[in-house]
Structures are given as structure tokens and as C-alpha cells.
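Visitor: Below are the C-alpha cells for one structure; questions will follow.
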Amino acid sequence: MEKDVSNPSFFTNRELSWIQFNERILEEAKDKENPLFERMKFLSITSSNLDEFFMVRVASLKDMIHAEYEKRDIAGMTAKEQLIAVNEKTHNFVKEQYHTYNKMLLPELSAEKLRIIKSHEELNEEQIKFVDGFFADNVYPVVTPMAVDSSRPFPLIRNKTLNIGALLSKKGGKEELEFATVQVPAVIPRIIPLPDRADGSKNVILLEQVIERNIDKLFLSYDIVCAFPYRIMRNADLSIDEDEAEDLLKEIEQKLKKRQWGQAIRLEVEEDVDKRLLNILKKELGIKEEDIFMIPGPLDLTFLMKMYGMEGFEHLKCSKYIPQPIPGLNEEENLFEQIKKGDILLHHPYETFDPVVDFIKQAARDKDTLAIKQTLYRVSGNSPIIAALAQAAENGKQVSVLVELKARFDEENNIGWAKMLEKAGCHVIYGLVGLKTHSKITLVVRREEDGIRRYVHLGTGNYNDATAKLYTDMGILTCAEHIGADATAVFNMLSGYSEPKSWNALTLAPLWLRDKFMQLIKREQDFALEGKEARIIAKMNSLCDKGIIEALYQASAAGVKIDLIVRGICCLKVGIPGISENIRVRSLVGNFLEHSRIFYFYNYGNEEIYMASADWMPRNLDRRVEILFPVEDEKLKQEVKHIVDIQLADTMKARLLKEDGFYHRVDRRGKTLLCAQDYFCKEAKERVMKEKNLENKRIFVTEEPSRE
Amino acid sequence: MKKIRFAAIYIRSYETGIKIYELSGKQRMRELNSVVAHLELGTDAFTKEKVGQDMIDKLCKTLNDFKEFMKEYDVEEYRVCATSALREVVNTRILLDQIKIKTGFDVEILSNSEQRFIGYKSIASKWDDFNEVIKKGTAIIDVGGGSIQISLFDKDSLITTQNIKLGSLRIRETLSALENRSGHYGQYIEELINTETYHLKKFYLKDRNIKNLIVTGEFITSLIDLSDSNEINKSASFEEYMKIFDKIASLTPREAAKKLGVPPENARLILPFAIIYKQFLQVTEAERIWAPDRDLGDGIAYDYAEKNGYKSQHNFEDDIIASAKHMAKRYQSGKNHINTMEDIAMKLFDATKKVHGFGGRERLLLRIAVILCDCGKYISSVHSQQCSYQIVMATEIIGLSHAEREIVANIIRFSGEEFLYFEEFSKVTSLNVRDYLVIAKLTACLRTVLALDRSYRRKCKNVTFAVKEKELMITVISNDDIALEREKVNENIAFFQENFGITMSMKQKKSI
């Protein structure tokens, strides 16, 4: 009997779950076990995350309310209910952020002789001289003060920019107050180092404070009544999230209402802002009371990421990890020859991304390569992959590249190099209508002595050599015939031609992936119902697909043991009696961004392990081109299993989701201290050492004296 | 043997596709890529008899894309073939020229029998179960967008083939007005097919005990995969198929496409195809339907592979001969007479090889001509050769191209009529000089063979031929009076000499 598992009370709202994720990052910022500068970085990340959350998710909720969209979410909440809950949580969250900043980080930084001068009033004589000089030389020429009066309307305040609002009164004039605003210029670094103090401490001040101090120089014929920084977030161009897009756009069309483009959805001001100034902002921006955030400190904490880069504090940072070479893979031998000997597993950033770049570089130069095909989602600024693809085309290879222009916040960047590739002679496909191509696949076709051989790279992360140093991702290099044939079919489909009659090993979203996952989960459920051992381990970034969660509930109810490693959003609840008691959820938040997607199914002893570019989210399963690929080589399967096992054994950075709906640290009593990310770093280094030792041994073996 | 990459490009009425193969000496054909574009050229062709500019542009774009696919695998050899959609339009030549200019491809228009034979070859050669299946009475239907071909087997030889001008796309276009308006759309399709299959059943199927129906055509594999009990690979029983059919017929085209896992753009063709399969299953009363999953692309590639050094398991020449014999039987030609003439003809052909310089294919054509030369007597004994000519021209012989069939028909015709010289001949035919010379020489052969059994009493069955210097020596070992035969041979000497450059003489040896 299938249980009824669809009750909304069995699910967590995804926005609230996302806020919990950001809270876990904030915990890292608070965690004294982390080096101080790393904690600064974590705090900065929570801030940029929250910005994106507002621009994308909160904006969406507002759109829904505006469109009178009544559909309830997975947890049974209307958009209005969600927004109310989100508002409360985000206000609290911001409080926590600044508590961390003011009460923990600032004092500790101070103790390390690094001071962030809170306000210009605290400057000493010497510093004042420096700051004013800095203003006159660097800032004054680039700022544009704007006053508002009957002839000059309220100016357009740009999204996410930092501004200073001021109240002015005409010198010698009446009491009447005028509003003026000036944007803190983005071309000048926000952190301004001050001359070192006699005690050897480093002092910095933020740019807005420098401007505030000198604001009278911008409005010469006025007296400055007050001046405060503020920042707004708008419901801007990109703000409809794809997860809602389809339904929502329909709804809006039906109601014939236009979206409120550019409507301000959040206002941040310093908490001691002058009430008169705040009222003007409120009125002019049309912002609601609940969307105002009173900030006890500097607005926009993302400047902390820049602080992290400050020199001289290396002892307060984690030592920089250098991705290690892949054991068994050498640089001298042709990469294709090495792939021919067996599939190669890549685990970034513990292991280097170089083989992936080399794969394309070597193919570009190789005389036997006929064609290279690749999907590109987000690439780094100066991508060696793009350069290699262009070179390949120039060398007369057939090069096809699918460039996803719809990658969030990346469009312009993508168009630029896509044009460059076209110029070089590559065949560039600009994505598919209505679908984001999120899969990461590269196909190299070679003409070898014994015939055509196809080499394929499949990965869980983007072809981005920069993020590959920060995101944990996995990939496989193979020349298995059946995978090569599937890869060919993938690119046929991406070029707009029909799908193959059948697939050998790969499973693609949006057409087949959902069914495949459902079958895999169901198979475990069936084994469990027969009283056999059944187990699922799945690692991903987010889990919010209702169908999948329901299937997991059914499987759990049937007795399947399920372990989920979900970094971010998780709409599944654990410990629901009779439904999810067999499910454990853990989240890993570490120095590297957990990004790999791994799916393990016990399959009554015939273990199957897959990796994918997709999360268990509706958008991945229904509206994107994604690829699920199997790990087939027995040795590699064991390796992936080992990786998952270590992550399940993490006691340092893991948080467990409990019945109470909160994430808790692992109870370490009786357990070895283990941080999975550190473990993998160490292991990767050791493997390289071991290999080196082996080589050395081989060199130093002396000849046995002969017995004759 | 050198590895080679070959691309087969096929332009069909409802799709255009490319298959890229790697061929190697190890009898291996490895499919490297298969790409299909849904392009309904037939929609224009079958209703307006022309293919519109828009369609041609799309076709050329697709072909240019295919060229890129070919580069990806460094394809060395290729063949581009088109079927009914380009064959049946009035502006074929203009279209081919446009395609040539825009893509560089020379498109070959396959005649129906060539197309079917190629398709059939791919089934016979690549499908392991084939030889087993055809041991029992078997029919093959090859269902396309424009027409359906049905071929019948008797004891593992192909004996007859018929073309029915009703393909899935043609049906859909014919009934397009009714598709959305009527709940009886399926019924109309059935009626349309029934009128066509009525005669087929009456003339060809009545005494055949057909057990197996082999189907090539769109969706059949997916349809059969829906069967609950797939006990035998790639096949379904009559009852299973009917169940599947009912399931599919109850769905909307979109639902059906989803159910079958096929792209939605093909959805509207599913029902016509499914009904065709059902109707033929009913009309042949076959117990089992088979889907060997081969298409025209496979066939073209196989054909190439075979011509370049592959051997096939199934002897296709036997199929051609068997179907010719079956045809002769239908027109009540004397079996013994034919066998004797065949024997004589082959001896003659082999003995004069040095003089005519022909190969195996011409030998086959002569043999077919011998087998079919008496068909016309069924209609009229006065102008029997003319009647035979007409019959051959109107009957499809799977495995022979249209040109080859015309050659055979002409050999028969000229065996009894005054021979035409090329200038005159070329006014009424599109055959070329080489074809003409084949006709001339083989006519001379056939005339000689006919002469040697003039009496229909097989007096010259023990005959030997030998070329000595400038003479063909015909030696007959017989105790009968062969004066009539001798006279006929002598009548033919001049024509023979004209064509072969040598004379001939005949002598009789009596056996003791």
C-alpha cells in the first residue's frame, strides 16, 4: 500500500529552508574554530547570498502577490504567507549578521591590530588630514551630487548601489530642508587604508565615511543637516526565478497586469538615520515599512571579501590549498592514451582541474582529433578552455560549442566570448528555446589506427578553471564506446535534431531524468518491501522537488535507509512518524562550496552509482538539459563510495537536520573528529607523495650481487 | 582491409536523415552517428505535386548541417538518396539542381523497387533472426510516408512484391480535413487501406499461409515495446499487437507520442502508421509481427558495404530469380521449358564471356529475361513478346532497378520483334548507350536460346558452346530431329554476328 505522503505539513517551504542554509554559513562566521579572516569571508558570503535571495526569490514572491497568484507552495503556504515569514526571518538574520560583525569580528580584528574605523568622527588629526586629501584627490572628481527640489525630481537610485542621502538647508536661508543624494562611486575601492599608527596597527576606513565627512564640499551653498548611507534593492530585470516562471508568467498574462519593473523591494539604512531623511526615502521609493532594514553598522558587508585579500594577515587565513595531480595520470604521456587504459575519476578541487583543460588543449593540437563538442554554462574570465576551442577551430577541427546565454547574471559575459568563438570558426549554438542547458559534457572524436574513438568528459560542475579551485565537483574521463555513442546523441539533440531511439548509459533531463530517478528510488522501495536490504545515498545542492521527496517518503516508509547530503535548500522533513524515519539529512558547509551531485543505489548488492549536473529541483528535472551518468568502472565506484562515506562521517562541518526542523551540529561524543574537506585535501596530497615514493624507490633499487 | 567511413543520407517523405558508419574488413559495420530531421517534404509533394521553396530551403539547410556531421567523422564516401517525395513531384530535376548548387550533393532518386530492395537487404543481412523467421510463410511490409511495399516469401525466397500508394503521410494528407473534425478518423483510415488491400488479398494472399509479418516503418519498435510480454525479442503476437493498438488509439496524438517516447513533432503520424500495421496484420492473418528495426540508412550503407567487398549471408540473387519464377508461374509459363532455356542461356553466356565482356549482373538479367519471356503468351500468342514486355514493365521485381527492369523487358521484346537501332530506340526510352548495348547482346543471346528450344520439347538440352577463333560452336547431343531448331539458329546468325563480331555454327552429335 502506498502511503499518502502529500500532506503539505510534510514539507518545508524552500525560502525558509534557504534562510536556514544562510544561517549555517553565518554559523561558520561565528565559529571560533575557523581562522578569523575565513570567518570574515563567510560573513561576506551571507551578505551577497542575501542580496541575490532578495533580487530573485523575494522579488518573485512580490510578483506573485501583485499578480494575485493564489497557488500554494509545497508546504501549503501562499505567497503572502511566505513573504511574511521570510520578512521576519530575514530581519532577524540581518540582526545576527551585524551582531557577528560588531560583537565578534570587530573586537577580534582589533586584537589582531586591524581596525575598521566605524565612523569618521573617530579619526585623529593625522588621519583626518589623509582622508581629506584622499577625498580631494580621488573622490571629488568622480562623484555626482544630486539635489531634489521642485524643478529637479527624485533621481533614479541604481539597484544595489551604495548612496549617501543628506538633508540640506540653504546657507542663511529659511528652515526649509532639501534632500540631496550622492552615489558612493564604485570605481574607487571601498576600503581605504589609513597611515599606520605608532602602535603598528593597521587602520582602514570605508569610502562612504570619507564622503560623509566631506559632503559639505559637494553642496557649497548649503548647510548639511545630516548625511547617512542607504542602499536599495529593486525588483529588477532578472528577478523572475525560473522555478516559478512558467506558471507565474501565465498568471500575469491572464490578469493583464504588468510586472512592477524596478520597484524597490528593500531599503537598507543606518539604524540611527535621521527620521526626516528616512521618511523622504520611504515616500520617494514607495517602500513599505517591513521592507526597511535598519542596519547597525556598514551597509553591504560584501566589502569583507576585499578585506580578506589584505596582505599581512596570512596567519589568520586557512593555508592556501593547491589542487593535487591525479594519481596515475602523468603529464608526459598523451592524455588520450591514458584514458584508453581506463576511465579516470576527477575530484575537484582536491585534485586539479588541469586534465580537463588539457583534454581540450591536447585535442586542439592533436592531428588525429576530428571534432570537439562541448557545452559551456559559465566559464572564467580568461578561460583557457575557450582559447583551446578557438585554437582547435583554427587548426581545422570541427568544433561545436553550446553556449548557454541564460546562465544567471552571466549573459553579457557569455555573448562576448561566444562571438569570439564564432570568429575563430567554431559552430556556436546559443542554447535551446525554453530550456537552460546545464549539462556539462565534452566530446572529442579521434581517428585512430583501429578506427574512430570517442573520448568524453562528463562532470558535475561548470567548465570553469577558476571556480574549480573553490567548488567541490566530480568528473569522469572515458572512451567507453557506449558513452561515446550517447554523447554523440546528446549533441545531435542540442543541435536541434531528433533524439536517439534509445540511450545506452546517459539519462537526460528534461525528458527522461525524472522518470529515471523515480525508477531508481522505486526499485529500492521494492527491495525493501521484499524484506531485502535497501539503501539510497544522494548528495546534491538542493532538494525541493515534490515528486522526488514523495518517492523518498514512500521508500523510507517501506524501509529503505536513506542518507541525503544536501548543502542548501531541503524541503524534505526527517523523522515524520511512519514516513521519513529512515531518512537522515546532513548539510556540509566548508571552505569549499559543496557542489558535486552523487547518487548511490544499493540495488540489492549490484550497487549503482551515478553523478549528475542536476539537483533534485523542479527546474533541473523539468526545465533544463541535464545529464545523469553512471560510474561503471569498479575501482572508480569504490572511490566514489569512499568519498560519500567520508562525507557521511564528517563530524566537524556537517550539520544534521533533526525532527525539530533545525540543523544541529553532530554530537561528537565517541566519534573521531573528521572534516571531510580537510580529509580529502590530505588524502590527495598523500596519494601524490605515495606515488612519488614509489617512483623514487624504483630509481634507487640497487642491483643484487650475483651469486656466482 | 582499410577502414572507411561511409555516410548514408536519405530524404524520405516525412524525414531526412544521415547515418554514419565505420566499415572495416572484419565484416563490421559500426554505426557512429544517426541524425534525423523531421521534414515533411511529402506534405507538399503528395498534395501539390511540387515541393515548395520553403521546404527546399529547409532541406538544404539540413543537408548542409549533415555535411558538418560528416566532417566530424572524416567521412570519405557517401550516398544521398531520395524516395517518393522527390520522385513523385513534377519539378524533380529543378529541385535536384537547386540542391546541388546549395549543398554540393548529387541526390539520387531511388526507384521504388531499388528503395525497397535496399531496405530489404538491410533486414536480411543485419537481422540475425531473419533466416529463421522466413522459413515459415512470411510477408514483409515496408511502410513509408508515401507508399507501402508488401513482399511475400515462400520457403525462404522472396516471390512477389507489390506497392500500394498509401503511406502514413499520404493518408494523413488525404484525410487531413477529417482529422480534427471527426471522431471516426481512425475508421476512415482503415477504410482507405481496406480498398487497397482487397485486391492484394484476393490475388496474392489467398493460398499463402502467412505466419510472420516483418515490419519496417516508423514507431513499430516503440509500439512493440509496449507489449506486456516481450517473450520473443522485437516481436509481438497478433493479440498483443491488437491490445497495444487499442491502447494507442484511445490516446490523443500527444499522449501517444509521450507513451511511445517519440518526439512530439511526429505525433500526428502515429495513428496512421499504427493502423497500417494493424490492417496488414489482419489481412495477412499473420500470427506474429516482427520489428527488425532497420531503416533506409542502414540499407544504403549495407548496399555500399556489399559492393565494396562484403559478403552477405542471404543470397539476394536467389530472391530475384525466385520472384521472377513465381511471376512466370502466375502467367502459366511451362516450367520445364523455362528450366531448359535457363540452363542453355547460362551455358551460352559463360562460354561467350570473352566476347561480350559482361559480368554477373548481366548474367542475371539474361536469366530473368529467359524466365519471363513467355509471360505474354498468357494474354496473346500472337504478340506474346509485346505482351511480355508490357507485363515486365508493369510488375515490380524487387532487387532490380527500374532501368534493369526496362532492359529485361526490351530483351524479351526484341527477341521476337524487329530490333531497333539506338537512334530510334533512344526516342522512346531514357536508357543510355551502355544499357542499350546490354540489350543488344543479350537479345542476341536470348534469340539463340529460344531457337534452341523452338519446339518446346527440350531436344537441345544437352548442348555445349565453345568459341573458336571467330566462331561460336554450338554442339547438341541429341538423337531427336533438330531441324527446326537448326533453322531458327541459322536465322539468328546475322544478328548474332552483328553484335558479337563472331559467327556461329551448329552441329549435332548423336548419342549412342
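Chain labels follow the order of the C-alpha cells: the first chain is A, the next B, and so on; residue numbering restarts at 1 in every chain, and ligands are counted from 1 in their shown order.
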Quick one: contact table of stretch 2-68 of chain B to stretch 260-282 of chain B, 12 Å max, nearest atom pair and distance in Å to one decimal per residue, counting only C-alpha atoms, chain and number order, as a tab-separated table?
Guide:
residue	atom	partner	partner_atom	distance
B:Ser13	CA	B:Leu269	CA	11.9
B:Tyr14	CA	B:Asn266	CA	8.9
B:Glu15	CA	B:Asn266	CA	9.6
B:Val36	CA	B:Pro263	CA	11.1
B:Ala37	CA	B:Glu265	CA	10.3
B:His38	CA	B:Glu265	CA	7.5
B:Leu39	CA	B:Glu265	CA	9.9
B:Glu40	CA	B:Asn266	CA	9.9
B:Thr43	CA	B:Leu269	CA	11.9
Visitor: Which residues of chain A are close to chain B, meaning at most 6 Å apart when you count only C-alpha atoms, and how do they look as number ranges by chain?
Guide: A: 370-371, 398, 497-498
Visitor: Output C-alpha atoms for every residue in the selection just made, as a PDB file, in the first residue's frame.
Guide:
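Generated file (selection.pdb):
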ATOM      1  CA  LEU A 370      38.473  15.376 -35.900  1.00  0.00           C
ATOM      2  CA  ALA A 371      35.931  17.111 -33.729  1.00  0.00           C
ATOM      3  CA  GLN A 398      35.098  20.583 -36.290  1.00  0.00           C
ATOM      4  CA  TYR A 497      17.939  17.123 -34.249  1.00  0.00           C
ATOM      5  CA  SER A 498      15.865  14.270 -33.018  1.00  0.00           C
TER       6      SER A 498
END
Visitor: Please produce, as a tab-separated table, a per-residue contact table for stretch 315-357 of chain A versus stretch 626-643 of chain A (criterion: any atom at most 12 Å away, only C-alpha atoms considered), showing the nearest atom pair and its distance in Å to one decimal, sorted by chain then residue number.
Guide:
residue	atom	partner	partner_atom	distance
A:Lys341	CA	A:Asp633	CA	11.7
A:Gly342	CA	A:Asp633	CA	8.1
A:Asp343	CA	A:Asp633	CA	6.8
A:Ile344	CA	A:Leu636	CA	7.8
A:Leu345	CA	A:Leu636	CA	6.5
A:Leu346	CA	A:Leu636	CA	9.8
A:His347	CA	A:Val640	CA	9.2
A:His348	CA	A:Ile643	CA	11.9
A:Tyr350	CA	A:Ile643	CA	11.6
Visitor: Please write the residues from the selection above to a file, keeping N, CA and C atoms, as an mmCIF file, in the first residue's frame.
Guide:
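So the final result, stored in part.cif, reads:
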data_model
loop_
_atom_site.group_PDB
_atom_site.id
_atom_site.type_symbol
_atom_site.label_atom_id
_atom_site.label_comp_id
_atom_site.auth_asym_id
_atom_site.auth_seq_id
_atom_site.Cartn_x
_atom_site.Cartn_y
_atom_site.Cartn_z
ATOM 1 N N LYS A 341 43.478 3.505 -21.281
ATOM 2 C CA LYS A 341 43.805 2.425 -20.341
ATOM 3 C C LYS A 341 42.700 2.220 -19.307
ATOM 4 N N GLY A 342 41.829 3.173 -19.164
ATOM 5 C CA GLY A 342 40.743 3.022 -18.192
ATOM 6 C C GLY A 342 40.152 4.368 -17.832
ATOM 7 N N ASP A 343 38.914 4.353 -17.381
ATOM 8 C CA ASP A 343 38.235 5.596 -17.002
ATOM 9 C C ASP A 343 39.017 6.320 -15.903
ATOM 10 N N ILE A 344 38.959 7.635 -15.945
ATOM 11 C CA ILE A 344 39.672 8.442 -14.951
ATOM 12 C C ILE A 344 38.658 9.266 -14.166
ATOM 13 N N LEU A 345 38.760 9.169 -12.854
ATOM 14 C CA LEU A 345 37.865 9.931 -11.987
ATOM 15 C C LEU A 345 38.573 11.194 -11.517
ATOM 16 N N LEU A 346 37.853 12.295 -11.531
ATOM 17 C CA LEU A 346 38.429 13.560 -11.087
ATOM 18 C C LEU A 346 37.613 14.101 -9.924
ATOM 19 N N HIS A 347 38.301 14.532 -8.882
ATOM 20 C CA HIS A 347 37.605 15.081 -7.714
ATOM 21 C C HIS A 347 38.208 16.450 -7.405
ATOM 22 N N HIS A 348 37.484 17.466 -7.832
ATOM 23 C CA HIS A 348 37.971 18.833 -7.643
ATOM 24 C C HIS A 348 37.408 19.392 -6.343
ATOM 25 N N TYR A 350 40.207 19.059 -4.784
ATOM 26 C CA TYR A 350 41.297 18.313 -4.141
ATOM 27 C C TYR A 350 42.294 17.888 -5.218
#
Visitor: How far is it from atom CA of A:Tyr69 to atom CA of A:Ile84, in Å with one decimal?
Guide: 15.5 Å
Visitor: So which one's closest to B:Gln332, B:Gly217, B:Gly416, B:Gly119, B:Gly376? Using only C-alpha atoms, please.
Guide: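 Checking each candidate against B:Gln332, we get B:Gly376 as the closest.
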Visitor: List every residue of stretch 552-605 of chain A that DSSP, applied to the backbone of this structure, places in strand (DSSP E or B), and write the result as a list in words.
Guide: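 Matching residues, listed in order: Lys561, Ile562, Asp563, Leu564, Ile565, Val566, Cys570, Leu572, Ile583, Arg584, Val585, Arg586, Ser587, Leu588, Leu593, Glu594, Ile598, Phe599, Tyr600 and Phe601 of chain A.
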Visitor: Just want the 9 Å neighbourhood of B:Ser455, counted on only C-alpha atoms, with same-chain residues fewer than 3 positions away dropped. Output as a PyMOL selection string.
Guide: chain B and resi 451-452+458-459+482+484-485
Visitor: Given only C-alpha atoms, how would the per-residue table for stretch 545-573 of chain A near stretch 8-14 of chain A read, listing every residue at most 10 Å away with its closest atom pair and distance in Å to one decimal, sorted by chain and number, as JSON lines?
Guide:
{"residue": "A:Asp545", "atom": "CA", "partner": "A:Arg14", "partner_atom": "CA", "distance": 10.0}
{"residue": "A:Lys546", "atom": "CA", "partner": "A:Phe11", "partner_atom": "CA", "distance": 8.5}
{"residue": "A:Ile549", "atom": "CA", "partner": "A:Phe11", "partner_atom": "CA", "distance": 8.7}
{"residue": "A:Glu550", "atom": "CA", "partner": "A:Phe10", "partner_atom": "CA", "distance": 9.3}
{"residue": "A:Tyr553", "atom": "CA", "partner": "A:Phe10", "partner_atom": "CA", "distance": 9.5}
{"residue": "A:Gly568", "atom": "CA", "partner": "A:Arg14", "partner_atom": "CA", "distance": 9.6}
{"residue": "A:Ile569", "atom": "CA", "partner": "A:Arg14", "partner_atom": "CA", "distance": 6.1}
{"residue": "A:Cys570", "atom": "CA", "partner": "A:Arg14", "partner_atom": "CA", "distance": 6.9}
{"residue": "A:Cys571", "atom": "CA", "partner": "A:Thr12", "partner_atom": "CA", "distance": 4.4}
{"residue": "A:Leu572", "atom": "CA", "partner": "A:Phe11", "partner_atom": "CA", "distance": 5.4}
{"residue": "A:Lys573", "atom": "CA", "partner": "A:Phe11", "partner_atom": "CA", "distance": 5.9}
Visitor: For the residues in that selection, give me N, CA and C atoms as a PDB file, in the first residue's frame.
Guide:
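Output file out27.pdb is given in full below:
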ATOM      1  N   ASP A 545      12.121  19.072  -4.908  1.00  0.00           N
ATOM      2  CA  ASP A 545      11.139  18.557  -5.859  1.00  0.00           C
ATOM      3  C   ASP A 545      10.129  17.685  -5.129  1.00  0.00           C
ATOM      4  N   LYS A 546       8.875  18.048  -5.280  1.00  0.00           N
ATOM      5  CA  LYS A 546       7.822  17.370  -4.518  1.00  0.00           C
ATOM      6  C   LYS A 546       7.744  15.885  -4.897  1.00  0.00           C
ATOM      7  N   ILE A 549      10.618  13.960  -3.418  1.00  0.00           N
ATOM      8  CA  ILE A 549      10.517  13.853  -1.954  1.00  0.00           C
ATOM      9  C   ILE A 549       9.445  12.829  -1.585  1.00  0.00           C
ATOM     10  N   GLU A 550       8.337  12.876  -2.308  1.00  0.00           N
ATOM     11  CA  GLU A 550       7.271  11.905  -2.012  1.00  0.00           C
ATOM     12  C   GLU A 550       7.755  10.479  -2.258  1.00  0.00           C
ATOM     13  N   TYR A 553       9.828   9.499   0.576  1.00  0.00           N
ATOM     14  CA  TYR A 553       8.982   9.172   1.731  1.00  0.00           C
ATOM     15  C   TYR A 553       8.433   7.752   1.594  1.00  0.00           C
ATOM     16  N   GLY A 568      22.207  22.969   0.448  1.00  0.00           N
ATOM     17  CA  GLY A 568      21.371  24.158   0.602  1.00  0.00           C
ATOM     18  C   GLY A 568      19.935  23.828   0.990  1.00  0.00           C
ATOM     19  N   ILE A 569      19.034  24.197   0.072  1.00  0.00           N
ATOM     20  CA  ILE A 569      17.613  24.046   0.369  1.00  0.00           C
ATOM     21  C   ILE A 569      17.237  22.574   0.494  1.00  0.00           C
ATOM     22  N   CYS A 570      16.459  22.254   1.522  1.00  0.00           N
ATOM     23  CA  CYS A 570      15.938  20.903   1.650  1.00  0.00           C
ATOM     24  C   CYS A 570      14.503  21.000   2.136  1.00  0.00           C
ATOM     25  N   CYS A 571      13.556  20.683   1.259  1.00  0.00           N
ATOM     26  CA  CYS A 571      12.144  20.791   1.627  1.00  0.00           C
ATOM     27  C   CYS A 571      11.641  19.516   2.288  1.00  0.00           C
ATOM     28  N   LEU A 572      12.514  18.512   2.353  1.00  0.00           N
ATOM     29  CA  LEU A 572      12.127  17.248   2.983  1.00  0.00           C
ATOM     30  C   LEU A 572      12.270  17.379   4.499  1.00  0.00           C
ATOM     31  N   LYS A 573      11.338  16.747   5.208  1.00  0.00           N
ATOM     32  CA  LYS A 573      11.427  16.749   6.674  1.00  0.00           C
ATOM     33  C   LYS A 573      11.803  15.353   7.146  1.00  0.00           C
TER      34      LYS A 573
END
Visitor: Would you please extract all alpha helix (DSSP H) residues from stretch 214-460 of chain B, as assigned by DSSP on the backbone, and give them as an MDAnalysis selection string?
Guide: chainID B and resid 220:225 238:249 253:260 267:284 296:307 316:330 335:351 353:356 360:372 384:394 402:416 422:425 433:452
Visitor: Please list as a PyMOL selection string every residue within 8 Å of stretch 368-370 of chain B, counting only C-alpha atoms and excluding residues in the same chain fewer than 3 positions away.
Guide: chain B and resi 321+324+338+341-342+345+364-365+373+408-409+411-412+446
Visitor: Would you put the residues from that selection into a file with C-alpha atoms, as a CSV table (one decimal), in the first residue's frame?
Guide:
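Saved to selection05.csv:
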chain,number,residue,atom,x,y,z
B,321,ILE,CA,15.2,-15.3,-59.5
B,324,ALA,CA,10.8,-14.0,-61.5
B,338,ILE,CA,12.0,-22.4,-68.8
B,341,MET,CA,16.2,-22.4,-71.6
B,342,GLU,CA,17.8,-21.1,-68.4
B,345,ALA,CA,21.3,-19.5,-71.6
B,364,LEU,CA,21.3,-12.4,-64.0
B,365,LEU,CA,19.4,-10.1,-66.4
B,373,CYS,CA,9.9,-14.2,-71.9
B,408,VAL,CA,14.9,-7.1,-69.3
B,409,ALA,CA,11.6,-6.1,-70.9
B,411,ILE,CA,15.5,-8.0,-74.4
B,412,ILE,CA,12.2,-10.0,-74.3
B,446,LEU,CA,18.1,-14.9,-75.9
Visitor: Residues within 7 Å of A:Ala509, please, as a list of chain:residue names. Count only C-alpha atoms; anything in the same chain fewer than 2 positions from it doesn't count.
Guide: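 After dropping sequence-adjacent residues, the list is A:Thr507, A:Leu511, A:Trp512, A:Leu513, A:Leu621, A:Asp622, A:Arg624, A:Val625, A:Glu626, A:Ile627.
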Visitor: Any chance you could export the current selection's N, CA and C atoms as a tab-separated table (two decimals), in the first residue's frame?
Guide:
chain	number	residue	atom	x	y	z
A	507	THR	N	21.31	9.55	-18.98
A	507	THR	CA	19.90	9.90	-18.85
A	507	THR	C	19.80	11.41	-18.87
A	511	LEU	N	13.64	15.26	-20.44
A	511	LEU	CA	12.74	14.23	-20.96
A	511	LEU	C	12.71	12.95	-20.13
A	512	TRP	N	13.86	12.51	-19.69
A	512	TRP	CA	13.88	11.17	-19.08
A	512	TRP	C	14.36	11.12	-17.64
A	513	LEU	N	15.00	12.19	-17.20
A	513	LEU	CA	15.71	12.12	-15.92
A	513	LEU	C	14.77	11.88	-14.74
A	621	LEU	N	14.93	19.11	-13.19
A	621	LEU	CA	14.33	17.92	-13.78
A	621	LEU	C	13.39	18.24	-14.93
A	622	ASP	N	12.81	19.44	-14.92
A	622	ASP	CA	11.78	19.74	-15.92
A	622	ASP	C	12.13	20.83	-16.91
A	624	ARG	N	15.53	22.04	-17.64
A	624	ARG	CA	16.91	22.20	-18.03
A	624	ARG	C	17.39	20.95	-18.76
A	625	VAL	N	18.42	21.14	-19.55
A	625	VAL	CA	19.08	19.98	-20.12
A	625	VAL	C	20.14	19.56	-19.11
A	626	GLU	N	19.96	18.39	-18.55
A	626	GLU	CA	20.90	17.88	-17.56
A	626	GLU	C	21.28	16.47	-17.93
A	627	ILE	N	22.41	16.03	-17.44
A	627	ILE	CA	22.84	14.66	-17.73
A	627	ILE	C	23.16	13.91	-16.44
Visitor: Excluding same-chain residues fewer than 5 positions from A:Asp291, what lies within 7 Å of it counting only C-alpha atoms, as an MDAnalysis selection string?
Guide: chainID A and resid 265:267
Visitor: Residues of the last selection are to be written out with C-alpha atoms, as a short mmCIF file (atom, residue, chain, number, x, y, z; two decimals), in the first residue's frame.
Guide:
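The resulting file, out_14.cif, is shown below:
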data_model
loop_
_atom_site.label_atom_id
_atom_site.label_comp_id
_atom_site.auth_asym_id
_atom_site.auth_seq_id
_atom_site.Cartn_x
_atom_site.Cartn_y
_atom_site.Cartn_z
CA ILE A 265 11.80 45.93 -2.57
CA ARG A 266 14.33 46.57 0.15
CA LEU A 267 15.85 49.65 1.72
#
Visitor: Using only C-alpha atoms for the distances, tell me which of A:Ser150, A:Ser556, A:Ser201, A:Asn462 is nearest to A:Ala614.
Guide: A:Asn462
Visitor: Which neighbours of stretch 144-148 of chain A fall inside 10 Å, counting only C-alpha atoms, when residues of the same chain fewer than 3 positions from it are skipped, and could you give them as an MDAnalysis selection string?
Guide: chainID A and resid 140:141 151:155 164:168 178:185 215 218:219
